[in-house]
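Text of the file input_0.tsv, holding TSV, C-alpha atoms:
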```tsv
chain	number	residue	atom	x	y	z
A	23	MET	CA	-41.43	35.90	-50.77
A	24	SER	CA	-38.02	34.35	-51.46
A	25	ASP	CA	-36.54	37.73	-52.44
A	26	LYS	CA	-37.81	39.24	-49.19
A	27	VAL	CA	-36.29	36.40	-47.15
A	28	LEU	CA	-32.95	36.59	-48.99
A	29	ASP	CA	-32.89	40.38	-48.61
A	30	PHE	CA	-33.41	39.94	-44.88
A	31	LEU	CA	-30.57	37.43	-44.72
A	32	GLY	CA	-28.24	39.65	-46.75
A	33	GLN	CA	-29.03	42.79	-44.78
A	34	THR	CA	-28.58	40.96	-41.49
A	35	ILE	CA	-25.22	39.51	-42.53
A	36	MET	CA	-23.98	42.84	-43.89
A	37	HIS	CA	-25.12	45.01	-40.97
A	38	LYS	CA	-24.81	42.72	-37.95
A	39	VAL	CA	-21.73	40.77	-39.01
A	40	ARG	CA	-19.71	42.64	-41.65
A	41	ASP	CA	-20.26	46.24	-40.59
A	42	VAL	CA	-20.03	45.54	-36.86
A	43	THR	CA	-16.80	43.56	-37.30
A	44	ILE	CA	-15.17	46.29	-39.38
A	45	SER	CA	-16.34	48.98	-36.96
A	46	ASN	CA	-15.00	47.06	-33.96
A	47	ILE	CA	-11.58	46.65	-35.56
A	48	ASP	CA	-11.51	50.35	-36.49
A	49	MET	CA	-12.36	51.23	-32.88
A	50	ILE	CA	-9.56	48.99	-31.65
A	51	ILE	CA	-7.04	50.60	-34.03
A	52	ASN	CA	-8.25	54.09	-33.08
A	53	GLY	CA	-7.95	53.37	-29.35
A	54	LYS	CA	-11.68	53.54	-28.64
A	55	MET	CA	-11.88	49.99	-27.25
A	56	LYS	CA	-10.09	49.28	-24.01
A	57	GLY	CA	-10.18	45.50	-23.47
A	58	ASP	CA	-7.18	43.20	-23.24
A	59	GLU	CA	-7.50	42.08	-26.87
A	60	ALA	CA	-7.72	45.69	-28.06
A	61	LYS	CA	-4.67	46.62	-26.03
A	62	ALA	CA	-2.71	43.65	-27.42
A	63	ILE	CA	-3.60	44.59	-31.00
A	64	ARG	CA	-2.62	48.23	-30.48
A	65	GLU	CA	0.70	47.09	-29.01
A	66	MET	CA	1.34	45.11	-32.21
A	67	LEU	CA	0.67	48.27	-34.23
A	68	VAL	CA	2.84	50.63	-32.20
A	69	ASP	CA	5.58	50.73	-34.84
A	70	PHE	CA	3.18	51.24	-37.76
A	71	ASN	CA	3.27	54.65	-39.40
A	72	PRO	CA	0.05	56.43	-40.46
A	73	LYS	CA	0.29	55.13	-44.03
A	74	GLN	CA	0.60	51.54	-42.80
A	75	ILE	CA	-2.39	52.03	-40.49
A	76	GLU	CA	-4.42	53.38	-43.41
A	77	ILE	CA	-3.46	50.38	-45.55
A	78	LEU	CA	-4.50	48.07	-42.71
A	79	LYS	CA	-7.87	49.83	-42.44
A	80	ARG	CA	-8.41	49.38	-46.18
A	81	ILE	CA	-7.45	45.71	-46.11
A	82	ILE	CA	-9.66	44.71	-43.17
A	83	PRO	CA	-13.00	45.11	-45.04
A	84	ARG	CA	-11.61	42.97	-47.86
A	85	ILE	CA	-10.63	40.26	-45.38
A	86	VAL	CA	-14.08	40.34	-43.79
A	87	ASP	CA	-15.78	40.23	-47.21
A	88	ARG	CA	-13.61	37.30	-48.33
A	89	THR	CA	-14.42	35.45	-45.09
A	90	LEU	CA	-18.15	35.95	-45.60
A	91	HIS	CA	-17.82	34.89	-49.23
A	92	ASN	CA	-16.00	31.69	-48.24
A	93	PHE	CA	-18.52	30.97	-45.49
A	94	LEU	CA	-21.45	31.27	-47.90
A	95	TRP	CA	-19.57	29.23	-50.53
A	96	MET	CA	-19.02	26.49	-47.94
A	97	ILE	CA	-22.76	26.43	-47.18
A	98	GLU	CA	-23.51	26.17	-50.91
A	99	GLN	CA	-21.06	23.32	-51.44
A	100	GLU	CA	-21.61	21.15	-48.36
A	101	ASP	CA	-24.60	18.82	-48.70
A	102	ASP	CA	-24.73	18.28	-44.94
A	103	ILE	CA	-24.90	22.00	-44.07
A	104	ASP	CA	-27.70	24.45	-44.73
A	105	LEU	CA	-28.76	27.84	-43.45
A	106	LEU	CA	-32.39	28.04	-42.37
A	107	ILE	CA	-34.25	31.32	-42.17
A	108	ASN	CA	-37.32	31.65	-39.98
A	109	SER	CA	-40.04	33.31	-42.06
A	110	GLU	CA	-43.80	33.79	-41.90
A	111	SER	CA	-44.21	30.44	-43.65
A	112	GLY	CA	-41.78	28.54	-41.42
A	113	PHE	CA	-38.13	27.72	-41.83
A	114	LEU	CA	-36.81	28.15	-45.37
A	115	SER	CA	-33.53	26.89	-46.79
A	116	ALA	CA	-31.24	29.69	-47.95
A	117	LYS	CA	-29.67	27.23	-50.40
A	118	GLU	CA	-33.02	26.44	-51.97
A	119	LEU	CA	-34.10	30.10	-52.15
A	120	SER	CA	-30.90	31.33	-53.77
A	121	ASP	CA	-29.28	30.45	-57.05
A	122	GLY	CA	-25.93	31.17	-55.38
A	123	LEU	CA	-25.45	32.42	-51.82
A	124	THR	CA	-22.10	34.02	-52.56
A	125	GLY	CA	-23.76	36.19	-55.20
A	126	GLU	CA	-26.26	37.42	-52.62
A	127	LEU	CA	-23.40	39.02	-50.75
A	128	TYR	CA	-22.80	41.44	-53.61
A	129	SER	CA	-26.37	42.24	-54.57
```
Any chance you could put this one into structure tokens?
Amino acid sequence: MSDKVLDFLGQTIMHKVRDVTISNIDMIINGKMKGDEAKAIREMLVDFNPKQIEILKRIIPRIVDRTLHNFLWMIEQEDDIDLLINSESGFLSAKELSDGLTGELYS
């Protein structure tokens, strides 16, 4: 049961947070998003050459991964913060189910 719940948490974080964030930034860089924020970001990148843009695209996933890692580490370390997952048996503590939330990110 705990593996199933942790798998759900991990898949949700990876697909609905990590992947969506990276995809949105790629769409901004590629000109496929048209909002004010997207326009402002593209204006900041106007002087970047293709190699610099490629480097930026390779760095962004690492930044997102590091942010998720630090977020999960913070949950692990802070006694007053927990992450509850609604399961068939009620709300379960991610901290209690996992032997290390940051490790779940990579498995």
Close residues, A:Asp101 itself excluded, 12 Å, only C-alpha atoms, min 6 positions apart in chain, as a PyMOL selection string: chain A and resi 95+117-118
Please produce an output containing C-alpha atoms for each residue in the selection, written as a PDB file, in the frame of the given file.
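File part-v6.pdb, as written:
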```pdb
ATOM      1  CA  TRP A  95     -19.570  29.230 -50.530  1.00  0.00           C
ATOM      2  CA  LYS A 117     -29.670  27.230 -50.400  1.00  0.00           C
ATOM      3  CA  GLU A 118     -33.020  26.440 -51.970  1.00  0.00           C
TER       4      GLU A 118
END
```
Name the residues, using the chain letters and numbers of the file, that sit within 12 Å of (-39.7, 37.9, -51.4) when counting all atoms listed in the file, and give them as a CSV table (one decimal) with C-alpha atoms, keeping the file's coordinate frame.
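The resulting file, point-v1.csv, is shown below:
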```
chain,number,residue,atom,x,y,z
A,23,MET,CA,-41.4,35.9,-50.8
A,24,SER,CA,-38.0,34.4,-51.5
A,25,ASP,CA,-36.5,37.7,-52.4
A,26,LYS,CA,-37.8,39.2,-49.2
A,27,VAL,CA,-36.3,36.4,-47.2
A,28,LEU,CA,-33.0,36.6,-49.0
A,29,ASP,CA,-32.9,40.4,-48.6
A,30,PHE,CA,-33.4,39.9,-44.9
A,31,LEU,CA,-30.6,37.4,-44.7
A,109,SER,CA,-40.0,33.3,-42.1
A,110,GLU,CA,-43.8,33.8,-41.9
A,111,SER,CA,-44.2,30.4,-43.6
A,114,LEU,CA,-36.8,28.2,-45.4
A,119,LEU,CA,-34.1,30.1,-52.2
A,120,SER,CA,-30.9,31.3,-53.8
```
note - atom CA of A:Ile50 and atom CA of A:Arg88 are separated by 20.8 Å
Closest of A:Leu123, A:Met49, A:Val42, A:Ile75 to A:Leu94 - atom-to-atom distances counting all atoms listed in the file
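The closest residue to A:Leu94 is A:Leu123.
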TODO: Could you check how far atom CA of A:Asp121 sits from atom CA of A:Thr89, in Å to one decimal?
DONE: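 Between atom CA of A:Asp121 and atom CA of A:Thr89 the gap works out to 19.7 Å.
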Self-check item: Polymer residues at most 12 Å from A:Ile63, only C-alpha atoms, same-chain spacing of 6 or more positions, as a list in words
Solution: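 The residues satisfying every condition are Ile47, Asp48, Met49, Ile50, Ile51, Asn52, Gly53, Met55, Lys56, Gly57, Asp69 and Phe70 of chain A.
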Review point. Using only C-alpha atoms, which of A:Gly112, A:Gly122, A:Lys73, A:Ser45 sits nearest A:Met96?
Key: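 Closest to A:Met96 of all the choices is A:Gly122.
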Which residues come within 12 Å of A:Thr43, counting only C-alpha atoms, excluding same-chain residues fewer than 5 positions away, as a PDB file with C-alpha atoms, in the coordinates of the input?
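This went into part-v6.pdb:
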```pdb
ATOM      1  CA  ILE A  35     -25.220  39.510 -42.530  1.00  0.00           C
ATOM      2  CA  MET A  36     -23.980  42.840 -43.890  1.00  0.00           C
ATOM      3  CA  HIS A  37     -25.120  45.010 -40.970  1.00  0.00           C
ATOM      4  CA  LYS A  38     -24.810  42.720 -37.950  1.00  0.00           C
ATOM      5  CA  ASP A  48     -11.510  50.350 -36.490  1.00  0.00           C
ATOM      6  CA  MET A  49     -12.360  51.230 -32.880  1.00  0.00           C
ATOM      7  CA  ILE A  50      -9.560  48.990 -31.650  1.00  0.00           C
ATOM      8  CA  ILE A  82      -9.660  44.710 -43.170  1.00  0.00           C
ATOM      9  CA  PRO A  83     -13.000  45.110 -45.040  1.00  0.00           C
ATOM     10  CA  ARG A  84     -11.610  42.970 -47.860  1.00  0.00           C
ATOM     11  CA  ILE A  85     -10.630  40.260 -45.380  1.00  0.00           C
ATOM     12  CA  VAL A  86     -14.080  40.340 -43.790  1.00  0.00           C
ATOM     13  CA  ASP A  87     -15.780  40.230 -47.210  1.00  0.00           C
ATOM     14  CA  THR A  89     -14.420  35.450 -45.090  1.00  0.00           C
ATOM     15  CA  LEU A  90     -18.150  35.950 -45.600  1.00  0.00           C
TER      16      LEU A  90
END
```
Atom CA of A:Asn92 sits from atom CA of A:Arg80 at a separation of 19.4 Å
